[in-house]
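Take a look at the structure below.
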2 protein chains.
Amino acid sequence: MGTIYDLAKKTGFSITTVSKALNNYKDVSDKTRAKILQAAAEMDYLPNAHAQSLSTKKSWAIGVMFSEANEVGMKHPFFNGIIESFRHATEEQGYDLIFASRNLRNRDMSYLEHFKHRAVDGIVVICSDRMDEQVQELMRSDIPIVVVDMDSANCSVVYSDNIEGARLAVNYLHELGHRKIAHIAGDETIDAGAARIKGYELAMQELNLPIQPGYLVNAGFFSVDEGKQAMERLLELDDQPTAVFVAGDQMAIGVIEAIHEHGLHVPNDISVIGYDDIEMIQYITPKLTTIRQDTDEIGEAAAELLLEQMTAKERLTERRIIPVRLVERASCAPVKQ
Amino acid sequence: MGTIYDLAKKTGFSITTVSKALNNYKDVSDKTRAKILQAAAEMDYLPNAHAQSLSTKKSWAIGVMFSEANEVGMKHPFFNGIIESFRHATEEQGYDLIFASRNLRNRDMSYLEHFKHRAVDGIVVICSDRMDEQVQELMRSDIPIVVVDMDSANCSVVYSDNIEGARLAVNYLHELGHRKIAHIAGDETIDAGAARIKGYELAMQELNLPIQPGYLVNAGFFSVDEGKQAMERLLELDDQPTAVFVAGDQMAIGVIEAIHEHGLHVPNDISVIGYDDIEMIQYITPKLTTIRQDTDEIGEAAAELLLEQMTAKERLTERRIIPVRLVERASCAPVKQ
DNA sequence: CAAGTTACCGAAAGCGCTTTCGGGAAGAGG
DNA sequence: CCTCTTCCCGAAAGCGCTTTCGGTAACTTG
């Protein structure tokens, strides 16, 4: 492949001139630039990224911290959509993504340490647990950073409009005639969970609907099983809800399972509305009505906020809230009289 | 954070000694090593990865080429499981994954070029299209490489035992009494598709079952829609099959949809068996019986084959075939008499 | 006690690139 | 014809680290 020295030797120019030609400096004539470029193509020369980074202090790499409660990593059906869209957006600007291990040659270090070691230009964290000490550490650092699906005053963040999403869900059920509306919630330590609870409470209040005892149940961390268990608690109630707003699609799948196992029908006996709009809910029975989060737009917004900081070379703290919308399918029906 | 020079100044030793202490050379006394390590901790010194790579020619990074026909990237429900497992396995050895963009500061280059530019230690390619010129180029290069879900004599490969998987599927249907067994296949340009076709033909032959005209239908690239369309062609036949072996779970979802839309029932009228065992098929109705590919093991095997080459510093060409197994759920039933 | 080991440390070169700064040649202006 | 710009180009330092090689001090050994 050769180095810049080889190119210099081949063309007869100094490495300085070669470097300048390659980097479009203005103080090299078109003629010599052409010669150098041609020679570079001939010996398919490629600059060494490490050498470049060393001397420019810019690595063209973005560190990704991806971590969620259920440890499924890239298999996470919602987060992986965000990552994918983020990747597209940053790729266009010439950045590579690096998924850092926490293990540097068997000395384990924090994500921050690792990212500093790798000298990334920016960091994106997709992590649901705001208490994670690793995340805190990243947010305290001075590396440009953007955090997805989590709120914070100390760095740029992007997340869906969860309050509005919850309101959409509750209002929709209300329009269908439901009054006994329960909420199967995500854990409050997760911002998205907390916000949807708040939205639920707000919406109920606006509609003058009381939240009956036992109608707000914490289902933990968005897994199918937890959703199922939560629904079972709801089904034990004397005064069962006629509709339930579930804080996540995966939980909603468990919820429907539980309802079916109890011999009841969705949506005829109980209406269910989810949150996220992950792919698989189009294929279950009944197809799940849900609040759609726009992963494409979330990823793009995250990229935008990060790129902004990286070019400005200073930390900004912008907050971007992405609109959600209701996707009507078949899991909700008018209340039975 | 400081450099090795700062550390040297702080401790009074030369940078040579500092470097040696950090890298566990034997020719530095325990006492001075301790001092240096302590000082390093105090100023939380971290070596700069670019400088290290530049001088050692080892980047501790693995390039990932991830590309499939449907352009869903990391959202791909099967491939993302492999990546995740691969990531775990390589992480343990201290490697980071780099998802390379094909765009180097707005000059577009090939994956190979990009990986050379980044000086990765190895490459993993997860790509279904064997004709992809980019993949060919990677395989021709001299960088350690492992290819997943594709066969080749020129580099290390790992894939599932597709022949055996197809055989398992067909035999299972046969045991249920089915004789009219169709195959909705993946495109033959994709190794996995071709192998499953071959397995299907083999198994049918072994059972002395003729493959009726129209029973082998190419459904293209494993999407739900393509599966659906293929099934519709099958349903137009005068002599309809009683069971169909579908080369991918996503296609099988479309297949079931098509059957239902025609007023028929799965599995009572037609049995369906899929391939892959992606998560969502546990939640559809009926739960899909399928051939399970072990993504964990595939990812681990890929990591193993790659690490092997990277430490040996030479290209090996080992072939690893991962066993599959039948997962019985509810989409197949004994044939009606 | 002289000679030979062994243990520990440092000077310096090198990895491949960028960038400042200065200098020579060619052109502009009087 | 002389001075002042403008246009090109290159020497050299520097980015932060590793590694070879040699040298000194301390320690054995007979």
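For the structure tokens, the naming scheme is as follows: chains receive sequential letters (A, B, ...) according to their order of presentation, residues are indexed from 1 within each chain, and ligands are indexed from 1 in presentation order.
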Dump as CSV the rows for residues of chain C within 10 Å of chain A: closest atom pair and distance in Å with one decimal, only C-alpha atoms (C1' of nucleotides) counted, ordered by chain and rising residue number.
```
residue,atom,partner,partner_atom,distance
C:DC15,C1',A:Ala51,CA,8.1
C:DG16,C1',A:Ala51,CA,5.1
C:DC17,C1',A:Ala51,CA,5.0
C:DT18,C1',A:Ser55,CA,5.9
C:DT19,C1',A:Thr16,CA,8.8
```
Determine which residues of range 116-242 of chain A DSSP labels as alpha helix (DSSP H) from the backbone of this structure, then write them out as number ranges by chain. A: 116-118, 133-140, 162-175, 191-206, 224-235
Limited to C-alpha atoms, could you put the picked residues into a file as a compact mmCIF listing (two decimals), in the first residue's frame?
```
# COMPACT_ATOMS: atom_id res chain seq x y z
CA LYS A 116 -10.52 8.58 25.70
CA HIS A 117 -8.04 5.89 24.89
CA ARG A 118 -9.52 5.60 21.43
CA GLU A 133 -22.52 5.29 36.96
CA GLN A 134 -20.82 4.74 33.62
CA VAL A 135 -23.31 6.99 31.91
CA GLN A 136 -22.96 9.64 34.57
CA GLU A 137 -19.24 9.60 34.08
CA LEU A 138 -19.62 10.04 30.34
CA MET A 139 -21.95 12.95 30.84
CA ARG A 140 -19.51 14.65 33.17
CA ASN A 162 -43.70 10.51 25.92
CA ILE A 163 -46.16 12.72 27.72
CA GLU A 164 -48.00 13.41 24.50
CA GLY A 165 -47.79 9.78 23.49
CA ALA A 166 -49.44 8.67 26.70
CA ARG A 167 -52.07 11.33 26.25
CA LEU A 168 -52.78 10.13 22.72
CA ALA A 169 -53.24 6.61 23.97
CA VAL A 170 -55.53 7.51 26.83
CA ASN A 171 -57.61 9.90 24.76
CA TYR A 172 -58.01 7.32 22.06
CA LEU A 173 -59.29 4.78 24.52
CA HIS A 174 -61.55 7.40 26.00
CA GLU A 175 -63.03 8.16 22.61
CA ASP A 191 -37.12 8.26 32.06
CA ALA A 192 -39.36 6.92 29.33
CA GLY A 193 -41.28 4.91 31.90
CA ALA A 194 -41.67 7.84 34.24
CA ALA A 195 -42.78 10.22 31.50
CA ARG A 196 -45.43 7.85 30.22
CA ILE A 197 -46.79 7.45 33.74
CA LYS A 198 -46.94 11.20 34.05
CA GLY A 199 -48.67 11.49 30.70
CA TYR A 200 -51.17 8.86 31.73
CA GLU A 201 -51.95 10.63 34.98
CA LEU A 202 -52.25 13.97 33.24
CA ALA A 203 -54.56 12.65 30.57
CA MET A 204 -56.78 10.89 33.07
CA GLN A 205 -57.01 14.04 35.08
CA GLU A 206 -57.88 16.12 32.05
CA VAL A 224 -42.73 -9.70 27.52
CA ASP A 225 -42.77 -11.65 30.77
CA GLU A 226 -43.03 -8.64 32.98
CA GLY A 227 -45.92 -7.39 30.91
CA LYS A 228 -47.67 -10.69 31.30
CA GLN A 229 -47.23 -10.75 35.04
CA ALA A 230 -48.48 -7.21 35.36
CA MET A 231 -51.61 -8.03 33.41
CA GLU A 232 -52.26 -10.97 35.64
CA ARG A 233 -52.32 -8.65 38.61
CA LEU A 234 -54.81 -6.48 36.78
CA LEU A 235 -57.00 -9.48 36.06
```
Considering only C-alpha atoms, extract the chain B residues located within 7 Å of chain A and return them as a PyMOL selection string. chain B and resi 46-51+53-54+73-75+80-81+84+91-101+103-106+117-118+280+283-285
Produce a table with one row for each residue of chain D that has an atom at most 12 Å from any atom of chain B, each row naming the nearest atom pair and its distance in Å at one decimal; use only C-alpha atoms (C1' of nucleotides); arrange rows by chain and rising residue number; format as a Markdown table.
```
| residue | atom | partner | partner_atom | distance |
| --- | --- | --- | --- | --- |
| D:DC15 | C1' | B:Ala51 | CA | 8.1 |
| D:DG16 | C1' | B:Ala51 | CA | 5.1 |
| D:DC17 | C1' | B:Ala51 | CA | 5.0 |
| D:DT18 | C1' | B:Ser55 | CA | 5.9 |
| D:DT19 | C1' | B:Thr16 | CA | 8.8 |
| D:DT20 | C1' | B:Thr16 | CA | 11.3 |
```
Put those residues in a file: all heavy atoms, as a CSV table (one decimal), in the first residue's frame.
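Now in result_16.csv:
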```csv
chain,number,residue,atom,x,y,z
D,15,DC,P,4.2,17.7,20.5
D,15,DC,OP1,3.7,18.8,21.3
D,15,DC,OP2,5.3,16.9,20.9
D,15,DC,O5',3.0,16.8,20.2
D,15,DC,C5',1.9,17.1,19.4
D,15,DC,C4',1.3,15.8,18.8
D,15,DC,O4',2.0,15.4,17.7
D,15,DC,C3',1.4,14.7,19.8
D,15,DC,O3',0.3,14.6,20.6
D,15,DC,C2',1.5,13.5,18.9
D,15,DC,C1',1.8,14.0,17.5
D,15,DC,N1,3.1,13.6,16.9
D,15,DC,C2,3.0,13.0,15.6
D,15,DC,O2,1.9,12.9,15.0
D,15,DC,N3,4.2,12.6,15.0
D,15,DC,C4,5.3,12.7,15.6
D,15,DC,N4,6.4,12.3,15.0
D,15,DC,C5,5.4,13.3,16.9
D,15,DC,C6,4.3,13.7,17.5
D,16,DG,P,0.5,14.5,22.2
D,16,DG,OP1,-0.8,14.9,22.8
D,16,DG,OP2,1.7,15.3,22.6
D,16,DG,O5',0.8,13.0,22.5
D,16,DG,C5',-0.2,12.1,22.1
D,16,DG,C4',0.4,10.7,22.1
D,16,DG,O4',1.4,10.6,21.1
D,16,DG,C3',1.1,10.3,23.4
D,16,DG,O3',0.6,9.0,23.9
D,16,DG,C2',2.6,10.2,23.1
D,16,DG,C1',2.5,9.8,21.6
D,16,DG,N9,3.7,10.2,20.8
D,16,DG,C8,4.4,11.3,20.9
D,16,DG,N7,5.4,11.3,20.0
D,16,DG,C5,5.3,10.1,19.3
D,16,DG,C6,6.0,9.6,18.2
D,16,DG,O6,7.0,10.1,17.7
D,16,DG,N1,5.5,8.4,17.7
D,16,DG,C2,4.4,7.8,18.3
D,16,DG,N2,4.1,6.6,17.7
D,16,DG,N3,3.7,8.2,19.3
D,16,DG,C4,4.2,9.4,19.7
D,17,DC,P,1.1,8.4,25.2
D,17,DC,OP1,-0.1,7.8,25.8
D,17,DC,OP2,2.0,9.3,26.0
D,17,DC,O5',2.0,7.2,24.6
D,17,DC,C5',1.3,6.1,24.0
D,17,DC,C4',2.3,5.4,23.0
D,17,DC,O4',3.1,6.4,22.3
D,17,DC,C3',3.3,4.5,23.6
D,17,DC,O3',2.7,3.2,23.7
D,17,DC,C2',4.4,4.5,22.6
D,17,DC,C1',4.1,5.7,21.7
D,17,DC,N1,5.3,6.6,21.6
D,17,DC,C2,6.2,6.3,20.6
D,17,DC,O2,6.0,5.3,19.9
D,17,DC,N3,7.3,7.1,20.4
D,17,DC,C4,7.4,8.2,21.2
D,17,DC,N4,8.5,9.0,21.0
D,17,DC,C5,6.5,8.5,22.3
D,17,DC,C6,5.4,7.7,22.4
D,18,DT,P,3.5,2.0,24.4
D,18,DT,OP1,2.6,0.9,24.6
D,18,DT,OP2,4.3,2.5,25.5
D,18,DT,O5',4.6,1.6,23.2
D,18,DT,C5',4.1,0.9,22.1
D,18,DT,C4',5.2,0.4,21.2
D,18,DT,O4',6.1,1.5,20.9
D,18,DT,C3',6.1,-0.7,21.9
D,18,DT,O3',6.4,-1.6,20.8
D,18,DT,C2',7.3,0.1,22.3
D,18,DT,C1',7.4,1.1,21.2
D,18,DT,N1,8.1,2.4,21.6
D,18,DT,C2,9.2,2.9,20.8
D,18,DT,O2,9.6,2.3,19.8
D,18,DT,N3,9.7,4.0,21.2
D,18,DT,C4,9.3,4.8,22.3
D,18,DT,O4,9.9,5.9,22.5
D,18,DT,C5,8.3,4.3,23.1
D,18,DT,C7,7.8,5.0,24.3
D,18,DT,C6,7.7,3.1,22.7
D,19,DT,P,6.9,-3.1,21.2
D,19,DT,OP1,6.1,-4.0,20.2
D,19,DT,OP2,6.8,-3.3,22.6
D,19,DT,O5',8.4,-3.1,20.8
D,19,DT,C5',8.8,-2.4,19.5
D,19,DT,C4',10.3,-2.3,19.5
D,19,DT,O4',10.7,-1.0,20.0
D,19,DT,C3',11.0,-3.3,20.3
D,19,DT,O3',12.2,-3.7,19.6
D,19,DT,C2',11.4,-2.6,21.6
D,19,DT,C1',11.7,-1.2,20.9
D,19,DT,N1,11.7,-0.1,21.8
D,19,DT,C2,12.4,1.0,21.5
D,19,DT,O2,13.2,1.1,20.6
D,19,DT,N3,12.3,2.1,22.4
D,19,DT,C4,11.6,2.1,23.6
D,19,DT,O4,11.6,3.1,24.3
D,19,DT,C5,10.8,0.9,23.8
D,19,DT,C7,9.9,0.8,25.1
D,19,DT,C6,10.9,-0.1,23.0
D,20,DT,P,12.8,-5.2,19.7
D,20,DT,OP1,12.0,-6.0,18.8
D,20,DT,OP2,12.9,-5.6,21.2
D,20,DT,O5',14.3,-5.0,19.1
D,20,DT,C5',14.4,-4.1,18.0
D,20,DT,C4',15.6,-3.2,18.2
D,20,DT,O4',15.4,-2.2,19.1
D,20,DT,C3',16.9,-4.0,18.7
D,20,DT,O3',18.0,-3.7,17.8
D,20,DT,C2',17.1,-3.5,20.1
D,20,DT,C1',16.5,-2.0,20.0
D,20,DT,N1,16.1,-1.4,21.2
D,20,DT,C2,16.5,-0.1,21.5
D,20,DT,O2,17.2,0.5,20.8
D,20,DT,N3,16.0,0.4,22.7
D,20,DT,C4,15.2,-0.2,23.6
D,20,DT,O4,14.8,0.4,24.6
D,20,DT,C5,14.8,-1.5,23.2
D,20,DT,C7,13.9,-2.3,24.2
D,20,DT,C6,15.2,-2.1,22.1
```
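Reported to one decimal place, the separation of CA of Gln337 in chain B from CA of Gly263 in chain B is 19.4 Å.
Residues within 7 Å of range 238-248 of chain B, counting only C-alpha atoms (C1' of nucleotides) and excluding same-chain residues fewer than 5 positions away, are Ala169, His178, Lys180, Ile181, Ala182, His183, Ile184, Ala185, Gly186, Gly193, Arg196, Phe222, Asp269, Ile270, Ser271, Val272, Ile273, Gly274, Tyr275, Asp276 and Val335 of chain B.
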Expected file contents, prior selection, N, CA and C atoms, as a PDB file, in the first residue's frame:
```pdb
ATOM      1  N   ALA B 169     -36.549 -30.605   8.410  1.00  0.00           N
ATOM      2  CA  ALA B 169     -37.882 -30.046   8.158  1.00  0.00           C
ATOM      3  C   ALA B 169     -38.722 -31.017   7.330  1.00  0.00           C
ATOM      4  N   HIS B 178     -47.340 -36.059   5.771  1.00  0.00           N
ATOM      5  CA  HIS B 178     -47.409 -35.262   4.555  1.00  0.00           C
ATOM      6  C   HIS B 178     -46.595 -35.895   3.437  1.00  0.00           C
ATOM      7  N   LYS B 180     -47.260 -34.295   0.068  1.00  0.00           N
ATOM      8  CA  LYS B 180     -47.202 -33.171  -0.870  1.00  0.00           C
ATOM      9  C   LYS B 180     -46.548 -31.994  -0.163  1.00  0.00           C
ATOM     10  N   ILE B 181     -45.239 -31.983  -0.225  1.00  0.00           N
ATOM     11  CA  ILE B 181     -44.464 -30.988   0.511  1.00  0.00           C
ATOM     12  C   ILE B 181     -43.805 -30.013  -0.463  1.00  0.00           C
ATOM     13  N   ALA B 182     -44.173 -28.754  -0.324  1.00  0.00           N
ATOM     14  CA  ALA B 182     -43.586 -27.745  -1.204  1.00  0.00           C
ATOM     15  C   ALA B 182     -42.450 -27.018  -0.475  1.00  0.00           C
ATOM     16  N   HIS B 183     -41.644 -26.307  -1.253  1.00  0.00           N
ATOM     17  CA  HIS B 183     -40.564 -25.519  -0.637  1.00  0.00           C
ATOM     18  C   HIS B 183     -40.602 -24.098  -1.174  1.00  0.00           C
ATOM     19  N   ILE B 184     -40.772 -23.174  -0.269  1.00  0.00           N
ATOM     20  CA  ILE B 184     -40.653 -21.768  -0.644  1.00  0.00           C
ATOM     21  C   ILE B 184     -39.240 -21.358  -0.314  1.00  0.00           C
ATOM     22  N   ALA B 185     -38.487 -21.062  -1.359  1.00  0.00           N
ATOM     23  CA  ALA B 185     -37.035 -21.013  -1.232  1.00  0.00           C
ATOM     24  C   ALA B 185     -36.489 -19.595  -1.276  1.00  0.00           C
ATOM     25  N   GLY B 186     -35.293 -19.448  -0.724  1.00  0.00           N
ATOM     26  CA  GLY B 186     -34.543 -18.218  -0.895  1.00  0.00           C
ATOM     27  C   GLY B 186     -33.830 -18.269  -2.224  1.00  0.00           C
ATOM     28  N   GLY B 193     -29.870 -19.973   0.775  1.00  0.00           N
ATOM     29  CA  GLY B 193     -31.030 -20.345  -0.032  1.00  0.00           C
ATOM     30  C   GLY B 193     -30.741 -21.581  -0.859  1.00  0.00           C
ATOM     31  N   ARG B 196     -30.475 -24.825   1.205  1.00  0.00           N
ATOM     32  CA  ARG B 196     -31.747 -25.358   1.704  1.00  0.00           C
ATOM     33  C   ARG B 196     -32.542 -26.002   0.571  1.00  0.00           C
ATOM     34  N   PHE B 222     -36.066 -13.351   1.235  1.00  0.00           N
ATOM     35  CA  PHE B 222     -36.416 -13.616   2.633  1.00  0.00           C
ATOM     36  C   PHE B 222     -37.325 -12.599   3.315  1.00  0.00           C
ATOM     37  N   ASP B 269     -55.283 -27.038   7.666  1.00  0.00           N
ATOM     38  CA  ASP B 269     -55.332 -27.251   6.219  1.00  0.00           C
ATOM     39  C   ASP B 269     -53.940 -27.398   5.612  1.00  0.00           C
ATOM     40  N   ILE B 270     -53.072 -26.533   6.049  1.00  0.00           N
ATOM     41  CA  ILE B 270     -51.700 -26.578   5.524  1.00  0.00           C
ATOM     42  C   ILE B 270     -50.725 -26.407   6.676  1.00  0.00           C
ATOM     43  N   SER B 271     -49.726 -27.256   6.717  1.00  0.00           N
ATOM     44  CA  SER B 271     -48.679 -27.110   7.731  1.00  0.00           C
ATOM     45  C   SER B 271     -47.568 -26.236   7.187  1.00  0.00           C
ATOM     46  N   VAL B 272     -47.001 -25.431   8.078  1.00  0.00           N
ATOM     47  CA  VAL B 272     -45.909 -24.537   7.673  1.00  0.00           C
ATOM     48  C   VAL B 272     -44.752 -24.699   8.641  1.00  0.00           C
ATOM     49  N   ILE B 273     -43.556 -24.850   8.096  1.00  0.00           N
ATOM     50  CA  ILE B 273     -42.372 -24.871   8.948  1.00  0.00           C
ATOM     51  C   ILE B 273     -41.377 -23.846   8.417  1.00  0.00           C
ATOM     52  N   GLY B 274     -40.804 -23.103   9.315  1.00  0.00           N
ATOM     53  CA  GLY B 274     -39.904 -22.024   8.919  1.00  0.00           C
ATOM     54  C   GLY B 274     -38.446 -22.359   9.117  1.00  0.00           C
ATOM     55  N   TYR B 275     -37.636 -21.327   9.111  1.00  0.00           N
ATOM     56  CA  TYR B 275     -36.193 -21.515   9.276  1.00  0.00           C
ATOM     57  C   TYR B 275     -35.598 -20.266   9.921  1.00  0.00           C
ATOM     58  N   ASP B 276     -34.816 -20.439  10.935  1.00  0.00           N
ATOM     59  CA  ASP B 276     -34.068 -19.381  11.640  1.00  0.00           C
ATOM     60  C   ASP B 276     -34.363 -19.389  13.133  1.00  0.00           C
ATOM     61  N   VAL B 335     -51.290 -34.740   8.603  1.00  0.00           N
ATOM     62  CA  VAL B 335     -52.058 -34.497   7.386  1.00  0.00           C
ATOM     63  C   VAL B 335     -53.480 -35.014   7.539  1.00  0.00           C
TER      64      VAL B 335
END
```
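CA of Ser141 in chain B sits 14.0 Å away from CA of Ala153 in chain B.
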What's the 12 Å shell around Glu308 in chain A, counting only C-alpha atoms (C1' of nucleotides), without same-chain residues fewer than 3 positions away, as a list in words? Thr90, Gln93, Asp121, Gly122, Pro144, Ile145, Val146, Ser156, Ala301, Ala302, Ala303, Glu304, Leu305, Thr311, Ala312, Lys313, Glu314, Arg315, Leu316, Thr317 and Glu318 of chain A
Selected residues, N, CA, C and O atoms, written as a PDB file, in the first residue's frame, please.
```pdb
ATOM      1  N   THR A  90     -24.463   9.548  10.390  1.00  0.00           N
ATOM      2  CA  THR A  90     -23.076   9.917  10.663  1.00  0.00           C
ATOM      3  C   THR A  90     -22.148   9.428   9.551  1.00  0.00           C
ATOM      4  O   THR A  90     -21.149  10.062   9.240  1.00  0.00           O
ATOM      5  N   GLN A  93     -21.362  11.778   6.879  1.00  0.00           N
ATOM      6  CA  GLN A  93     -20.374  12.812   7.191  1.00  0.00           C
ATOM      7  C   GLN A  93     -18.974  12.225   7.328  1.00  0.00           C
ATOM      8  O   GLN A  93     -18.041  12.931   7.707  1.00  0.00           O
ATOM      9  N   ASP A 121     -14.199  11.226  18.599  1.00  0.00           N
ATOM     10  CA  ASP A 121     -14.579  12.635  18.471  1.00  0.00           C
ATOM     11  C   ASP A 121     -15.889  12.939  19.194  1.00  0.00           C
ATOM     12  O   ASP A 121     -16.187  14.100  19.499  1.00  0.00           O
ATOM     13  N   GLY A 122     -16.666  11.909  19.424  1.00  0.00           N
ATOM     14  CA  GLY A 122     -17.947  12.117  20.084  1.00  0.00           C
ATOM     15  C   GLY A 122     -18.495  10.795  20.587  1.00  0.00           C
ATOM     16  O   GLY A 122     -17.980   9.729  20.248  1.00  0.00           O
ATOM     17  N   PRO A 144     -17.801  15.656  23.372  1.00  0.00           N
ATOM     18  CA  PRO A 144     -19.143  15.862  22.829  1.00  0.00           C
ATOM     19  C   PRO A 144     -19.971  14.594  22.975  1.00  0.00           C
ATOM     20  O   PRO A 144     -19.472  13.501  22.726  1.00  0.00           O
ATOM     21  N   ILE A 145     -21.196  14.760  23.372  1.00  0.00           N
ATOM     22  CA  ILE A 145     -22.004  13.581  23.673  1.00  0.00           C
ATOM     23  C   ILE A 145     -23.468  13.860  23.398  1.00  0.00           C
ATOM     24  O   ILE A 145     -23.919  15.003  23.498  1.00  0.00           O
ATOM     25  N   VAL A 146     -24.168  12.819  23.010  1.00  0.00           N
ATOM     26  CA  VAL A 146     -25.622  12.936  22.912  1.00  0.00           C
ATOM     27  C   VAL A 146     -26.230  11.683  23.519  1.00  0.00           C
ATOM     28  O   VAL A 146     -25.718  10.581  23.351  1.00  0.00           O
ATOM     29  N   SER A 156     -26.676  17.179  25.534  1.00  0.00           N
ATOM     30  CA  SER A 156     -27.711  17.114  24.511  1.00  0.00           C
ATOM     31  C   SER A 156     -28.466  15.799  24.606  1.00  0.00           C
ATOM     32  O   SER A 156     -27.861  14.745  24.782  1.00  0.00           O
ATOM     33  N   ALA A 301     -31.801  12.887  14.573  1.00  0.00           N
ATOM     34  CA  ALA A 301     -31.676  14.028  15.482  1.00  0.00           C
ATOM     35  C   ALA A 301     -30.448  13.866  16.366  1.00  0.00           C
ATOM     36  O   ALA A 301     -29.683  14.814  16.586  1.00  0.00           O
ATOM     37  N   ALA A 302     -30.239  12.661  16.837  1.00  0.00           N
ATOM     38  CA  ALA A 302     -29.076  12.406  17.683  1.00  0.00           C
ATOM     39  C   ALA A 302     -27.798  12.711  16.910  1.00  0.00           C
ATOM     40  O   ALA A 302     -26.879  13.357  17.419  1.00  0.00           O
ATOM     41  N   ALA A 303     -27.754  12.253  15.678  1.00  0.00           N
ATOM     42  CA  ALA A 303     -26.579  12.497  14.843  1.00  0.00           C
ATOM     43  C   ALA A 303     -26.370  13.996  14.664  1.00  0.00           C
ATOM     44  O   ALA A 303     -25.249  14.507  14.790  1.00  0.00           O
ATOM     45  N   GLU A 304     -27.451  14.674  14.404  1.00  0.00           N
ATOM     46  CA  GLU A 304     -27.366  16.107  14.171  1.00  0.00           C
ATOM     47  C   GLU A 304     -26.807  16.835  15.393  1.00  0.00           C
ATOM     48  O   GLU A 304     -25.881  17.648  15.281  1.00  0.00           O
ATOM     49  N   LEU A 305     -27.350  16.521  16.538  1.00  0.00           N
ATOM     50  CA  LEU A 305     -26.906  17.184  17.763  1.00  0.00           C
ATOM     51  C   LEU A 305     -25.436  16.886  18.056  1.00  0.00           C
ATOM     52  O   LEU A 305     -24.718  17.740  18.559  1.00  0.00           O
ATOM     53  N   THR A 311     -18.344  19.756  15.395  1.00  0.00           N
ATOM     54  CA  THR A 311     -17.772  20.800  14.542  1.00  0.00           C
ATOM     55  C   THR A 311     -17.566  22.084  15.337  1.00  0.00           C
ATOM     56  O   THR A 311     -16.601  22.792  15.119  1.00  0.00           O
ATOM     57  N   ALA A 312     -18.469  22.351  16.258  1.00  0.00           N
ATOM     58  CA  ALA A 312     -18.305  23.549  17.077  1.00  0.00           C
ATOM     59  C   ALA A 312     -17.181  23.362  18.090  1.00  0.00           C
ATOM     60  O   ALA A 312     -16.679  24.323  18.656  1.00  0.00           O
ATOM     61  N   LYS A 313     -16.802  22.107  18.285  1.00  0.00           N
ATOM     62  CA  LYS A 313     -15.781  21.780  19.272  1.00  0.00           C
ATOM     63  C   LYS A 313     -16.111  22.296  20.664  1.00  0.00           C
ATOM     64  O   LYS A 313     -15.236  22.720  21.417  1.00  0.00           O
ATOM     65  N   GLU A 314     -17.354  22.308  20.980  1.00  0.00           N
ATOM     66  CA  GLU A 314     -17.728  22.640  22.353  1.00  0.00           C
ATOM     67  C   GLU A 314     -18.984  21.867  22.701  1.00  0.00           C
ATOM     68  O   GLU A 314     -19.767  21.497  21.839  1.00  0.00           O
ATOM     69  N   ARG A 315     -19.172  21.661  23.977  1.00  0.00           N
ATOM     70  CA  ARG A 315     -20.355  20.913  24.404  1.00  0.00           C
ATOM     71  C   ARG A 315     -21.571  21.800  24.416  1.00  0.00           C
ATOM     72  O   ARG A 315     -21.575  22.868  25.003  1.00  0.00           O
ATOM     73  N   LEU A 316     -22.592  21.333  23.719  1.00  0.00           N
ATOM     74  CA  LEU A 316     -23.856  22.051  23.740  1.00  0.00           C
ATOM     75  C   LEU A 316     -24.839  21.205  24.541  1.00  0.00           C
ATOM     76  O   LEU A 316     -24.628  20.023  24.756  1.00  0.00           O
ATOM     77  N   THR A 317     -25.913  21.800  24.962  1.00  0.00           N
ATOM     78  CA  THR A 317     -26.927  21.014  25.673  1.00  0.00           C
ATOM     79  C   THR A 317     -28.298  21.346  25.107  1.00  0.00           C
ATOM     80  O   THR A 317     -29.060  22.106  25.671  1.00  0.00           O
ATOM     81  N   GLU A 318     -28.546  20.760  23.963  1.00  0.00           N
ATOM     82  CA  GLU A 318     -29.828  20.988  23.327  1.00  0.00           C
ATOM     83  C   GLU A 318     -30.748  19.798  23.620  1.00  0.00           C
ATOM     84  O   GLU A 318     -30.279  18.684  23.739  1.00  0.00           O
TER      85      GLU A 318
END
```
Using only C-alpha atoms (C1' of nucleotides), I'd like a table of the residues in range 10-30 of chain C that come within 12 Å of range 8-13 of chain D; for each, show the closest atom pair and its distance in Å rounded to one decimal, ordered by chain and ascending number, as JSON lines.
```
{"residue": "C:DT18", "atom": "C1'", "partner": "D:DA13", "partner_atom": "C1'", "distance": 10.6}
{"residue": "C:DT19", "atom": "C1'", "partner": "D:DA13", "partner_atom": "C1'", "distance": 9.4}
{"residue": "C:DT20", "atom": "C1'", "partner": "D:DA13", "partner_atom": "C1'", "distance": 9.0}
{"residue": "C:DC21", "atom": "C1'", "partner": "D:DA11", "partner_atom": "C1'", "distance": 9.6}
{"residue": "C:DG22", "atom": "C1'", "partner": "D:DA11", "partner_atom": "C1'", "distance": 9.2}
{"residue": "C:DG23", "atom": "C1'", "partner": "D:DC9", "partner_atom": "C1'", "distance": 9.2}
{"residue": "C:DG24", "atom": "C1'", "partner": "D:DC9", "partner_atom": "C1'", "distance": 9.1}
{"residue": "C:DA25", "atom": "C1'", "partner": "D:DC8", "partner_atom": "C1'", "distance": 8.7}
{"residue": "C:DA26", "atom": "C1'", "partner": "D:DC8", "partner_atom": "C1'", "distance": 10.0}
```
